[in-house]
file target_22.cif (mmCIF, C-alpha atoms)
data_structure
loop_
_atom_site.label_atom_id
_atom_site.label_comp_id
_atom_site.auth_asym_id
_atom_site.auth_seq_id
_atom_site.Cartn_x
_atom_site.Cartn_y
_atom_site.Cartn_z
CA MET O 213 9.19 -47.49 -51.97
CA SER O 214 10.62 -49.52 -49.10
CA ALA O 215 12.42 -47.88 -46.19
CA PRO O 216 15.75 -49.55 -47.03
CA MET O 217 15.49 -48.33 -50.61
CA SER O 218 14.65 -44.80 -49.44
CA SER O 219 17.64 -44.75 -47.13
CA THR O 220 19.85 -45.91 -50.00
CA LEU O 221 18.62 -43.07 -52.20
CA LEU O 222 19.20 -40.67 -49.33
CA LEU O 223 22.75 -41.91 -48.99
CA ARG O 224 23.25 -41.53 -52.74
CA SER O 225 22.39 -37.85 -52.45
CA ARG O 226 24.57 -37.54 -49.36
CA ILE O 227 27.54 -39.09 -51.19
CA ILE O 228 27.43 -36.40 -53.87
CA PHE O 229 27.67 -33.75 -51.18
CA LEU O 230 30.39 -35.63 -49.29
CA ASP O 231 32.43 -35.96 -52.46
CA PHE O 232 32.34 -32.16 -52.74
CA GLN O 233 33.01 -31.68 -49.04
CA VAL O 234 35.95 -34.05 -48.84
CA LEU O 235 37.89 -32.15 -51.45
CA GLY O 236 36.99 -28.71 -50.14
CA SER O 237 34.55 -27.25 -52.64
CA ILE O 238 30.90 -27.24 -53.68
CA ASN O 239 31.83 -26.53 -57.30
CA TYR O 240 32.48 -29.92 -58.91
CA ASN O 241 34.68 -28.45 -61.62
CA CYS O 242 36.94 -26.69 -59.09
CA LEU O 243 37.49 -29.37 -56.46
CA PHE O 244 41.27 -28.90 -56.51
CA ARG O 245 42.94 -26.09 -57.17
CA LYS O 246 61.07 -33.96 -66.04
CA PHE O 247 63.31 -33.31 -67.67
CA ILE O 248 64.37 -33.72 -71.11
CA CYS O 249 65.64 -37.28 -70.86
CA ILE O 250 69.37 -37.20 -70.16
CA SER O 251 70.76 -40.61 -70.98
CA SER O 252 73.27 -41.80 -68.44
CA PRO O 253 76.37 -43.69 -69.54
CA ALA O 254 74.93 -46.70 -67.75
CA ALA O 255 72.09 -46.80 -70.25
CA ALA O 256 74.42 -47.55 -73.12
CA VAL O 257 76.28 -50.16 -71.13
CA PHE O 258 73.27 -52.07 -69.92
CA SER O 259 70.77 -51.59 -72.77
CA ASN O 260 71.79 -54.91 -74.33
CA GLN O 261 70.39 -56.68 -71.27
CA PHE O 262 66.87 -56.17 -72.44
CA GLN O 263 64.67 -57.75 -75.08
CA CYS O 264 64.67 -56.68 -78.71
CA ARG O 265 62.16 -54.23 -80.13
CA LYS O 266 59.99 -56.97 -81.64
CA SER O 267 59.63 -58.70 -78.29
CA ARG O 268 58.65 -55.46 -76.57
CA LEU O 269 56.06 -54.66 -79.21
CA LYS O 270 54.51 -58.07 -78.65
CA LYS O 271 54.46 -57.44 -74.89
CA ALA O 272 52.81 -54.05 -75.44
CA GLU O 273 50.13 -55.72 -77.55
CA THR O 274 49.61 -58.33 -74.84
CA VAL O 275 49.23 -55.64 -72.17
CA ALA O 276 46.77 -53.76 -74.34
CA SER O 277 44.59 -56.80 -74.95
CA ARG O 278 44.75 -57.66 -71.25
CA PHE O 279 43.18 -54.31 -70.37
CA THR O 280 40.81 -53.72 -73.29
CA GLY O 281 39.85 -57.30 -74.06
CA GLY O 282 40.88 -56.61 -77.64
CA CYS O 283 38.08 -54.08 -78.12
CA ALA O 284 38.54 -50.33 -78.31
CA THR O 285 34.97 -49.59 -79.36
CA LEU O 286 32.78 -47.86 -76.84
CA PRO O 287 29.98 -50.19 -75.64
CA ALA O 288 26.67 -49.02 -77.08
CA SER O 289 24.97 -49.45 -73.70
CA ASN O 290 27.10 -46.68 -72.22
CA THR O 291 26.39 -43.88 -74.69
CA ARG O 292 24.37 -42.14 -71.99
CA PHE O 293 27.64 -40.59 -70.75
CA TYR O 294 27.92 -38.45 -73.86
CA SER O 295 26.50 -35.01 -74.52
CA ASP O 296 24.75 -34.19 -77.78
CA THR O 297 27.96 -32.70 -79.18
CA GLN O 298 29.83 -35.91 -78.35
CA LYS O 299 27.29 -38.41 -79.68
CA THR O 300 28.58 -38.02 -83.22
CA HIS O 301 31.80 -39.71 -82.07
CA VAL O 302 30.17 -42.67 -80.32
CA ALA O 303 29.38 -44.62 -83.46
CA GLU O 304 32.89 -44.29 -84.91
CA ARG O 305 35.75 -46.49 -83.81
CA ILE O 306 37.56 -45.00 -80.83
CA PRO O 307 41.37 -45.07 -81.06
CA ASP O 308 42.90 -47.89 -79.02
CA PRO O 309 44.63 -46.06 -76.14
CA TYR O 310 47.46 -48.57 -75.88
CA ALA O 311 48.06 -48.55 -79.64
CA LEU O 312 48.38 -44.75 -79.62
CA VAL O 313 51.13 -44.80 -76.98
CA ARG O 314 52.79 -48.07 -78.00
CA ASP O 315 56.04 -46.32 -78.92
CA ASP O 316 56.03 -44.52 -75.57
CA LEU O 317 55.41 -47.70 -73.57
CA GLU O 318 57.42 -50.31 -75.44
CA ASP O 319 60.73 -49.66 -73.64
CA LEU O 320 59.21 -48.23 -70.48
CA TYR O 321 59.92 -51.13 -68.13
CA SER O 322 63.39 -51.63 -69.56
CA ASP O 323 64.17 -47.96 -68.95
CA ILE O 324 62.81 -48.18 -65.42
CA LYS O 325 65.07 -51.16 -64.78
CA LEU O 326 68.02 -49.07 -65.95
CA ASP O 327 67.14 -46.46 -63.34
CA LEU O 328 67.06 -49.22 -60.70
CA LEU O 329 70.44 -50.76 -61.53
CA THR O 330 72.69 -51.23 -58.53
CA LYS O 331 75.77 -53.23 -57.62
CA PHE O 332 73.68 -54.95 -54.94
CA ILE O 333 72.40 -57.78 -57.11
CA GLU O 334 69.70 -59.05 -54.72
CA LEU O 335 68.30 -55.54 -54.22
CA GLN O 336 68.19 -55.10 -57.98
CA GLU O 337 66.36 -58.41 -58.38
CA LEU O 338 63.74 -57.40 -55.79
CA ALA O 339 63.34 -53.91 -57.30
CA HIS O 340 62.66 -55.43 -60.72
CA TYR O 341 60.27 -58.10 -59.42
CA TYR O 342 57.04 -56.07 -59.76
CA LEU O 343 58.26 -54.30 -62.90
CA GLN O 344 58.26 -57.15 -65.40
CA GLY O 345 55.40 -55.76 -67.50
CA GLU O 346 52.75 -58.11 -66.09
CA GLY O 347 50.45 -55.27 -65.09
CA LYS O 348 48.19 -53.09 -67.25
CA ALA O 349 50.63 -50.13 -67.32
CA PHE O 350 47.48 -48.09 -66.73
CA ARG O 351 49.12 -45.08 -65.07
CA PRO O 352 51.89 -44.66 -67.65
CA MET O 353 49.35 -45.09 -70.44
CA VAL O 354 47.14 -42.32 -69.03
CA ALA O 355 50.14 -40.02 -68.53
CA CYS O 356 51.34 -40.54 -72.11
CA LEU O 357 47.86 -40.05 -73.56
CA MET O 358 47.41 -36.84 -71.55
CA SER O 359 50.83 -35.66 -72.76
CA ARG O 360 49.83 -36.14 -76.36
CA ALA O 361 46.40 -34.57 -75.86
CA CYS O 362 47.84 -31.47 -74.17
CA ASN O 363 50.61 -31.11 -76.73
CA LYS O 364 48.09 -31.30 -79.57
CA HIS O 365 45.85 -28.79 -77.78
CA ASN O 366 48.72 -26.30 -77.47
CA THR O 367 50.67 -26.99 -80.67
CA ALA O 368 50.43 -28.95 -83.89
CA SER O 369 52.41 -31.86 -82.45
CA GLU O 370 50.90 -34.87 -80.71
CA ILE O 371 54.26 -36.41 -79.77
CA CYS O 372 54.93 -37.30 -76.14
CA LEU O 373 58.01 -35.37 -75.03
CA PRO O 374 60.91 -37.22 -73.36
CA SER O 375 60.31 -35.30 -70.13
CA GLN O 376 56.63 -36.26 -70.18
CA ARG O 377 57.51 -39.90 -70.78
CA LYS O 378 59.79 -39.67 -67.76
CA ILE O 379 56.76 -38.68 -65.69
CA ALA O 380 55.05 -41.88 -66.88
CA MET O 381 58.07 -43.87 -65.73
CA ILE O 382 58.17 -42.15 -62.34
CA ALA O 383 54.43 -42.74 -61.87
CA GLU O 384 54.91 -46.47 -62.47
CA MET O 385 57.87 -46.57 -60.09
CA ILE O 386 55.87 -44.89 -57.34
CA HIS O 387 53.01 -47.28 -57.98
CA ALA O 388 55.31 -50.32 -57.82
CA ALA O 389 56.84 -49.11 -54.55
CA SER O 390 53.38 -48.62 -53.06
CA LEU O 391 52.46 -52.20 -54.00
CA VAL O 392 55.55 -53.52 -52.24
CA HIS O 393 54.72 -51.57 -49.08
CA ASP O 394 51.01 -52.45 -49.26
CA ASP O 395 51.84 -56.15 -49.41
CA VAL O 396 53.97 -55.81 -46.29
CA ILE O 397 51.24 -53.96 -44.38
CA ASP O 398 48.55 -56.40 -45.53
CA HIS O 399 50.72 -59.51 -45.08
CA ALA O 400 49.80 -60.43 -48.66
CA ASP O 401 51.14 -63.70 -50.01
CA THR O 402 50.44 -63.07 -53.69
CA ARG O 403 50.52 -60.23 -56.20
CA ARG O 404 49.60 -60.56 -59.88
CA SER O 405 49.21 -64.31 -59.57
CA LYS O 406 52.71 -64.87 -58.20
CA PRO O 407 54.24 -64.84 -54.69
CA SER O 408 54.69 -61.39 -53.20
CA ILE O 409 58.11 -59.95 -52.42
CA ASN O 410 57.53 -60.18 -48.67
CA LYS O 411 56.47 -63.80 -49.06
CA LEU O 412 59.68 -64.74 -50.89
CA TRP O 413 62.26 -62.49 -49.26
CA GLY O 414 60.69 -61.41 -45.98
CA GLN O 415 59.24 -58.14 -44.70
CA ARG O 416 62.49 -56.32 -43.96
CA LYS O 417 63.89 -56.72 -47.46
CA ALA O 418 60.48 -55.89 -48.92
CA VAL O 419 60.31 -52.58 -47.00
CA LEU O 420 63.83 -51.67 -48.10
CA THR O 421 62.97 -52.56 -51.70
CA GLY O 422 60.00 -50.21 -51.70
CA ASP O 423 62.16 -47.49 -50.17
CA TYR O 424 64.83 -48.00 -52.83
CA ILE O 425 62.35 -47.73 -55.70
CA LEU O 426 60.96 -44.52 -54.21
CA SER O 427 64.47 -43.10 -53.77
CA GLN O 428 65.29 -43.72 -57.43
CA ALA O 429 61.95 -42.24 -58.50
CA SER O 430 62.73 -39.15 -56.42
CA MET O 431 66.16 -38.79 -58.03
CA ALA O 432 64.61 -39.07 -61.50
CA LEU O 433 62.06 -36.46 -60.48
CA ALA O 434 64.74 -34.08 -59.22
CA ARG O 435 66.65 -34.38 -62.50
CA ILE O 436 63.63 -33.07 -64.40
CA GLY O 437 64.43 -29.67 -62.95
CA ASN O 438 60.90 -28.25 -63.02
CA GLU O 439 59.95 -27.01 -59.55
CA LYS O 440 56.21 -27.22 -60.09
CA VAL O 441 56.45 -30.79 -61.37
CA ILE O 442 58.64 -31.78 -58.43
CA ILE O 443 56.06 -30.35 -56.00
CA LEU O 444 53.20 -32.17 -57.75
CA LEU O 445 54.83 -35.61 -57.63
CA SER O 446 56.16 -35.01 -54.11
CA GLN O 447 52.56 -34.38 -53.07
CA VAL O 448 51.74 -37.88 -54.31
CA LEU O 449 54.23 -39.39 -51.86
CA GLU O 450 52.72 -37.42 -49.00
CA ASP O 451 49.22 -38.47 -50.01
CA LEU O 452 50.21 -42.14 -50.15
CA VAL O 453 51.45 -42.08 -46.56
CA LYS O 454 48.44 -40.15 -45.28
CA GLY O 455 46.06 -42.42 -47.17
CA GLU O 456 47.63 -45.49 -45.62
CA PHE O 457 47.26 -43.99 -42.15
CA MET O 458 43.61 -43.20 -42.89
CA GLN O 459 43.05 -46.81 -43.93
CA LEU O 460 44.27 -47.98 -40.53
CA GLY O 461 41.41 -46.15 -38.79
CA THR O 462 37.60 -46.24 -38.85
CA LYS O 463 35.27 -43.30 -38.24
CA GLU O 464 32.69 -43.86 -35.51
CA SER O 465 30.15 -41.57 -37.15
CA GLU O 466 28.28 -43.23 -39.99
CA ASN O 467 27.93 -39.85 -41.69
CA GLN O 468 31.72 -39.38 -41.69
CA ARG O 469 32.64 -42.83 -42.98
CA PHE O 470 31.99 -42.18 -46.64
CA ALA O 471 33.82 -38.85 -46.53
CA HIS O 472 36.72 -40.68 -44.89
CA TYR O 473 36.57 -43.43 -47.53
CA LEU O 474 36.51 -41.00 -50.47
CA ASP O 475 39.36 -38.92 -49.06
CA LYS O 476 41.41 -42.07 -48.46
CA THR O 477 40.62 -43.29 -51.98
CA TYR O 478 41.85 -40.03 -53.47
CA LYS O 479 45.09 -40.11 -51.50
CA LYS O 480 45.94 -43.78 -52.05
CA THR O 481 44.90 -44.11 -55.69
CA ALA O 482 43.68 -40.99 -57.48
CA SER O 483 46.39 -38.56 -56.37
CA LEU O 484 49.07 -40.33 -58.41
CA ILE O 485 46.97 -40.31 -61.57
CA ALA O 486 45.72 -36.73 -61.07
CA ASN O 487 49.11 -35.20 -60.31
CA SER O 488 50.83 -37.16 -63.09
CA CYS O 489 48.28 -35.80 -65.55
CA LYS O 490 48.82 -32.27 -64.27
CA ALA O 491 52.60 -32.69 -64.36
CA VAL O 492 52.64 -33.60 -68.07
CA ALA O 493 50.28 -30.68 -68.72
CA VAL O 494 52.78 -28.38 -67.00
CA LEU O 495 55.57 -29.78 -69.17
CA SER O 496 53.52 -29.05 -72.29
CA ASN O 497 53.38 -25.38 -71.24
CA SER O 498 49.62 -25.58 -70.84
CA SER O 499 47.61 -22.77 -69.30
CA SER O 500 46.48 -23.05 -65.69
CA GLU O 501 42.98 -23.87 -66.95
CA ILE O 502 44.22 -26.83 -69.00
CA GLN O 503 46.40 -27.99 -66.11
CA GLU O 504 43.27 -28.08 -63.97
CA VAL O 505 41.40 -30.00 -66.67
CA ALA O 506 44.19 -32.59 -66.69
CA PHE O 507 44.16 -32.79 -62.88
CA GLN O 508 40.38 -33.18 -62.63
CA TYR O 509 40.36 -35.82 -65.36
CA GLY O 510 42.99 -37.85 -63.52
CA ARG O 511 41.31 -37.34 -60.17
CA ASN O 512 37.90 -38.56 -61.33
CA LEU O 513 39.37 -41.41 -63.36
CA GLY O 514 41.44 -42.48 -60.35
CA ILE O 515 38.52 -42.48 -57.94
CA ALA O 516 36.39 -44.44 -60.43
CA PHE O 517 39.27 -46.88 -60.92
CA GLN O 518 39.40 -47.63 -57.18
CA LEU O 519 35.62 -47.91 -56.91
CA VAL O 520 35.68 -50.53 -59.66
CA ASP O 521 38.51 -52.30 -57.82
CA ASP O 522 36.38 -52.38 -54.66
CA LEU O 523 33.46 -53.70 -56.70
CA LEU O 524 35.54 -56.45 -58.30
CA ASP O 525 36.59 -57.64 -54.85
CA PHE O 526 33.00 -58.90 -54.51
CA VAL O 527 32.15 -60.03 -58.04
CA SER O 528 35.37 -61.39 -59.53
CA THR O 529 37.38 -64.52 -58.75
CA ALA O 530 40.86 -64.93 -57.36
CA GLU O 531 42.01 -66.40 -60.67
CA VAL O 532 40.89 -63.33 -62.61
CA LEU O 533 42.07 -60.78 -60.07
CA GLY O 534 45.46 -62.37 -59.53
CA LYS O 535 44.92 -62.06 -55.75
CA PRO O 536 42.42 -63.54 -53.26
CA ALA O 537 38.83 -62.30 -53.51
CA ALA O 538 37.17 -60.58 -50.51
CA THR O 539 40.61 -59.31 -49.53
CA ASP O 540 39.33 -56.00 -48.17
CA LEU O 541 36.84 -57.60 -45.78
CA LYS O 542 39.49 -59.97 -44.49
CA LEU O 543 41.75 -56.97 -43.86
CA GLY O 544 38.97 -55.26 -41.91
CA LEU O 545 38.30 -52.64 -44.55
CA ALA O 546 34.84 -51.27 -45.28
CA THR O 547 34.80 -50.18 -48.93
CA ALA O 548 31.98 -48.58 -50.90
CA PRO O 549 29.88 -51.75 -51.40
CA VAL O 550 29.89 -52.40 -47.63
CA LEU O 551 29.15 -48.77 -46.73
CA PHE O 552 26.20 -48.72 -49.11
CA ALA O 553 24.99 -52.09 -47.85
CA ALA O 554 25.06 -50.81 -44.26
CA GLN O 555 22.22 -48.44 -45.16
CA GLN O 556 19.98 -51.45 -45.74
CA PHE O 557 21.53 -53.69 -43.09
CA PRO O 558 22.37 -51.43 -40.11
CA HIS O 559 23.91 -54.27 -38.09
CA LEU O 560 26.89 -54.01 -40.48
CA ASN O 561 27.90 -50.81 -38.69
CA GLU O 562 28.95 -52.76 -35.62
CA MET O 563 31.06 -55.07 -37.76
CA ILE O 564 32.65 -52.09 -39.49
CA MET O 565 33.63 -50.61 -36.13
CA ARG O 566 35.29 -53.85 -35.01
CA ARG O 567 36.82 -54.30 -38.49
CA PHE O 568 35.11 -57.65 -39.07
CA GLU O 569 37.23 -59.31 -36.39
CA ASN O 570 34.59 -61.63 -34.90
CA SER O 571 34.02 -65.11 -36.23
CA GLY O 572 31.50 -65.03 -39.09
CA ASP O 573 31.75 -61.25 -39.65
CA VAL O 574 33.37 -61.54 -43.07
CA GLU O 575 30.84 -64.10 -44.29
CA GLU O 576 27.87 -62.09 -42.95
CA ALA O 577 29.15 -58.85 -44.49
CA TRP O 578 29.67 -60.62 -47.81
CA LEU O 579 26.08 -61.90 -47.81
CA CYS O 580 24.69 -58.48 -46.88
CA VAL O 581 26.54 -56.83 -49.75
CA LYS O 582 25.20 -59.45 -52.16
CA LYS O 583 21.63 -58.98 -50.90
CA SER O 584 21.79 -55.18 -50.92
CA ASN O 585 22.04 -52.53 -53.62
CA GLY O 586 25.65 -51.90 -52.57
CA LEU O 587 27.22 -53.17 -55.76
CA GLU O 588 24.81 -51.22 -57.96
CA GLU O 589 25.36 -48.05 -55.94
CA THR O 590 29.13 -48.47 -56.15
CA ARG O 591 28.98 -48.83 -59.93
CA LEU O 592 26.69 -45.80 -60.11
CA LEU O 593 29.14 -43.71 -58.10
CA ALA O 594 32.01 -44.89 -60.31
CA SER O 595 30.03 -44.02 -63.43
CA ARG O 596 29.35 -40.55 -62.02
CA HIS O 597 33.09 -39.96 -61.71
CA CYS O 598 33.61 -41.37 -65.21
CA LYS O 599 31.08 -38.90 -66.55
CA GLU O 600 32.86 -36.01 -64.86
CA ALA O 601 36.19 -37.18 -66.30
CA ILE O 602 34.68 -37.22 -69.79
CA GLN O 603 33.23 -33.74 -69.33
CA GLN O 604 36.64 -32.44 -68.27
CA ILE O 605 38.69 -33.94 -71.11
CA SER O 606 36.09 -32.77 -73.65
CA LYS O 607 37.39 -29.23 -73.03
CA LEU O 608 40.57 -30.10 -74.95
CA LYS O 609 40.81 -29.84 -78.73
CA GLU O 610 39.85 -33.03 -80.50
CA SER O 611 42.71 -35.35 -81.36
CA ASP O 612 43.31 -39.09 -81.37
CA ALA O 613 44.71 -38.93 -77.83
CA GLN O 614 41.85 -36.77 -76.63
CA LYS O 615 39.27 -39.16 -78.10
CA ALA O 616 41.04 -42.10 -76.47
CA LEU O 617 40.89 -40.30 -73.12
CA VAL O 618 37.17 -39.67 -73.66
CA ALA O 619 36.59 -43.39 -74.22
CA LEU O 620 38.93 -44.64 -71.49
CA PRO O 621 36.60 -44.14 -68.48
CA GLU O 622 33.98 -46.40 -70.08
CA THR O 623 36.55 -49.09 -70.82
CA MET O 624 37.86 -48.87 -67.28
CA LEU O 625 34.35 -48.99 -65.80
CA ASN O 626 33.64 -52.28 -67.58
CA ARG O 627 36.94 -54.00 -66.87
CA LYS O 628 37.01 -57.46 -65.29
CA LYS O 629 40.32 -57.21 -63.41
#

call {"tool": "encode", "arguments": {"input": "target_22.cif", "output": "structure tokens"}}
result
Amino acid sequence: MSAPMSSTLLLRSRIIFLDFQVLGSINYNCLFRKFICISSPAAAVFSNQFQCRKSRLKKAETVASRFTGGCATLPASNTRFYSDTQKTHVAERIPDPYALVRDDLEDLYSDIKLDLLTKFIELQELAHYYLQGEGKAFRPMVACLMSRACNKHNTASEICLPSQRKIAMIAEMIHAASLVHDDVIDHADTRRSKPSINKLWGQRKAVLTGDYILSQASMALARIGNEKVIILLSQVLEDLVKGEFMQLGTKESENQRFAHYLDKTYKKTASLIANSCKAVAVLSNSSSEIQEVAFQYGRNLGIAFQLVDDLLDFVSTAEVLGKPAATDLKLGLATAPVLFAAQQFPHLNEMIMRRFENSGDVEEAWLCVKKSNGLEETRLLASRHCKEAIQQISKLKESDAQKALVALPETMLNRKK
């Protein structure tokens, strides 16, 4: 075996340890230790502003097909993720995750817009801009599925409670606010194939818009009235800020870079999914063990989600992604494919330290990633987290929602955007 290949395998082993180390434990299964919806009078007044039920159902179906490609069947090539006890379910049709939570999601964006109503018309327009239902609604979908799975595990009902659905709304609001702020920091011109808020209205109004969405999400969270849930979702806000600060820096030590990258990935992406999953488990009166299962599922799914995002930055096109390709390199960011590639092409380490600022750095780094095993190693690491997510959710009683959560990591791993 060649020296570059040996060093890559060595790094692969090192990454497993770093993933443990970053989150403070050597035991993989123990890495981490809102409110019944109260309709405001404004809801009745403004509800007629939104589309009819038929239109929303059609939008939900469009979102579902956008994420799943119209297929909810687990790809046969990925059955290796399943244990012997799970293989009996692989051949059968897996429930479509979006179809299961269609009723929970159909009015979600309309209800979020109600929470963002204000007499300042321009602020309201900006706050609604990223909440038009053009995204995959991935985070709300996961939260609603986890709600149903936990409720079925604890009781005979698989219905998503109003308070749990509110968590899904809050998660999407936090995510939208983070996108607004990210676009300001990154000077992004586009988001989801349309001009970004900062491009159209300027950075100052964009920053204030993100702040406003977060303030309304915080008020909705406070109205839930569950202290543990408030702490969990407040932790997400702290993690987002810390993760952004981490992204601004680069570790000099090559051995520390992947730990830094994984920790940053958890804080910026996985924390929201993990803590949302745990929050809905809390609201279902789940035991501490089931709450941890929900958290670990969300954590691993979230890390895998970001790894796939980093992979797609190298293999997908701007038209498919809805944003320019190679964005991370142009922003000076060394993601998993680059860090893996640096094991085979050590001169990349100098570029990483100077954040690809020199002329030709971005192009050279791109070529090195393409020539290396970086993309394969990134997918392997993502699949490892998918496998762990499946192992965690398999601890819940079988139900349609639980089976959809079992299948979801595979669908996410093979997504194209």

call {"tool": "resolve_selection", "arguments": {"input": "target_22.cif", "expression": "the PyMOL selection byres ((chain O and resi 557-560) around 12)", "output": "PyMOL selection string"}}
result
chain O and resi 215-217+219-220+466+541+546+549-556+561-568+573-586

call {"tool": "resolve_selection", "arguments": {"input": "target_22.cif", "expression": "the PyMOL selection byres ((chain O and resi 427-442) around 8)", "output": "list in words"}}
result
Lys246, Phe247, Ile248, Cys249, Asp327, Leu328, Ser375, Lys378, Ile379, Ile382, Met385, Ile386, Asp423, Tyr424, Ile425, Leu426, Ile443, Leu444, Leu445, Ser446, Ala491, Val494 and Leu495 of chain O

call {"tool": "closest_residue", "arguments": {"input": "target_22.cif", "among": "O:Ala538, O:Leu523, O:Ala616, O:Ala471", "to": "Thr590 in chain O", "atoms": "only C-alpha atoms"}}
result
O:Leu523

call {"tool": "resolve_selection", "arguments": {"input": "target_22.cif", "expression": "the PyMOL selection byres ((chain O and resi 498-515) around 8)", "output": "number ranges by chain"}}
result
O: 241, 243-245, 358, 362, 366, 474, 477-478, 481-483, 485-491, 493-497, 516-519, 594, 597-598, 600-602, 604-605, 607-608, 621

call {"tool": "closest_residue", "arguments": {"input": "target_22.cif", "among": "O:Thr367, O:Asp540, O:Phe470, O:Asp525", "to": "Leu593 in chain O", "atoms": "only C-alpha atoms"}}
result
O:Phe470

call {"tool": "atom_distance", "arguments": {"input": "target_22.cif", "atom1": "CA of Val396 in chain O", "atom2": "CA of Lys331 in chain O"}}
result
24.7 Å

call {"tool": "atom_distance", "arguments": {"input": "target_22.cif", "atom1": "CA of Ile306 in chain O", "atom2": "CA of Leu357 in chain O"}}
result
13.5 Å

call {"tool": "atom_distance", "arguments": {"input": "target_22.cif", "atom1": "CA of Asp308 in chain O", "atom2": "CA of Ala355 in chain O"}}
result
15.0 Å

call {"tool": "closest_residue", "arguments": {"input": "target_22.cif", "among": "O:Leu460, O:Val492, O:Ala613, O:Leu452", "to": "Ala311 in chain O", "atoms": "only C-alpha atoms"}}
result
O:Ala613

call {"tool": "axis_aligned_box", "arguments": {"input": "target_22.cif", "around": "range 323-327 of chain O", "padding_each_side": "3 Å", "output": "lines of an AutoDock Vina configuration file"}}
result
center_x = 65.4
center_y = -48.8
center_z = -66.1
size_x = 11.2
size_y = 10.7
size_z = 11.6

call {"tool": "closest_residue", "arguments": {"input": "target_22.cif", "among": "O:Lys599, O:His472, O:His393, O:Lys406", "to": "Ala548 in chain O", "atoms": "only C-alpha atoms"}}
result
O:His472

call {"tool": "residues_around", "arguments": {"input": "target_22.cif", "residues": "range 412-416 of chain O", "least_positions_apart": "5", "cutoff": "12 Å", "atoms": "only C-alpha atoms", "output": "JSON, numbers by chain"}}
result
{"O": [334, 335, 337, 338, 339, 341, 392, 393, 394, 395, 396, 397, 398, 399, 400, 401, 402, 403, 406, 407, 421, 422, 423]}

call {"tool": "closest_residue", "arguments": {"input": "target_22.cif", "among": "O:Glu569, O:Thr539, O:Cys372, O:Lys454", "to": "Arg314 in chain O", "atoms": "all atoms listed in the file"}}
result
O:Cys372

call {"tool": "build_atoms", "arguments": {"input": "target_22.cif", "residues": "range 613-625 of chain O", "atoms": "N, CA and C atoms", "output": "PDB file, in the frame of the given file"}}
result
ATOM      1  N   ALA O 613      44.461 -38.711 -79.265  1.00  0.00           N
ATOM      2  CA  ALA O 613      44.710 -38.930 -77.830  1.00  0.00           C
ATOM      3  C   ALA O 613      43.542 -38.443 -76.995  1.00  0.00           C
ATOM      4  N   GLN O 614      42.982 -37.303 -77.374  1.00  0.00           N
ATOM      5  CA  GLN O 614      41.850 -36.770 -76.630  1.00  0.00           C
ATOM      6  C   GLN O 614      40.638 -37.692 -76.728  1.00  0.00           C
ATOM      7  N   LYS O 615      40.401 -38.241 -77.927  1.00  0.00           N
ATOM      8  CA  LYS O 615      39.270 -39.160 -78.100  1.00  0.00           C
ATOM      9  C   LYS O 615      39.495 -40.457 -77.317  1.00  0.00           C
ATOM     10  N   ALA O 616      40.742 -40.899 -77.254  1.00  0.00           N
ATOM     11  CA  ALA O 616      41.040 -42.100 -76.470  1.00  0.00           C
ATOM     12  C   ALA O 616      40.804 -41.849 -74.984  1.00  0.00           C
ATOM     13  N   LEU O 617      41.134 -40.651 -74.522  1.00  0.00           N
ATOM     14  CA  LEU O 617      40.890 -40.300 -73.120  1.00  0.00           C
ATOM     15  C   LEU O 617      39.397 -40.172 -72.832  1.00  0.00           C
ATOM     16  N   VAL O 618      38.629 -39.730 -73.820  1.00  0.00           N
ATOM     17  CA  VAL O 618      37.170 -39.670 -73.660  1.00  0.00           C
ATOM     18  C   VAL O 618      36.596 -41.071 -73.498  1.00  0.00           C
ATOM     19  N   ALA O 619      37.120 -42.020 -74.254  1.00  0.00           N
ATOM     20  CA  ALA O 619      36.590 -43.390 -74.220  1.00  0.00           C
ATOM     21  C   ALA O 619      37.112 -44.208 -73.051  1.00  0.00           C
ATOM     22  N   LEU O 620      38.273 -43.825 -72.515  1.00  0.00           N
ATOM     23  CA  LEU O 620      38.930 -44.640 -71.490  1.00  0.00           C
ATOM     24  C   LEU O 620      38.099 -44.879 -70.240  1.00  0.00           C
ATOM     25  N   PRO O 621      37.385 -43.876 -69.690  1.00  0.00           N
ATOM     26  CA  PRO O 621      36.600 -44.140 -68.480  1.00  0.00           C
ATOM     27  C   PRO O 621      35.580 -45.263 -68.654  1.00  0.00           C
ATOM     28  N   GLU O 622      34.951 -45.334 -69.830  1.00  0.00           N
ATOM     29  CA  GLU O 622      33.980 -46.400 -70.080  1.00  0.00           C
ATOM     30  C   GLU O 622      34.653 -47.767 -70.100  1.00  0.00           C
ATOM     31  N   THR O 623      35.808 -47.835 -70.768  1.00  0.00           N
ATOM     32  CA  THR O 623      36.550 -49.090 -70.820  1.00  0.00           C
ATOM     33  C   THR O 623      36.957 -49.536 -69.422  1.00  0.00           C
ATOM     34  N   MET O 624      37.436 -48.585 -68.643  1.00  0.00           N
ATOM     35  CA  MET O 624      37.860 -48.870 -67.280  1.00  0.00           C
ATOM     36  C   MET O 624      36.685 -49.317 -66.416  1.00  0.00           C
ATOM     37  N   LEU O 625      35.530 -48.674 -66.602  1.00  0.00           N
ATOM     38  CA  LEU O 625      34.350 -48.990 -65.800  1.00  0.00           C
ATOM     39  C   LEU O 625      33.898 -50.428 -66.038  1.00  0.00           C
TER      40      LEU O 625
END
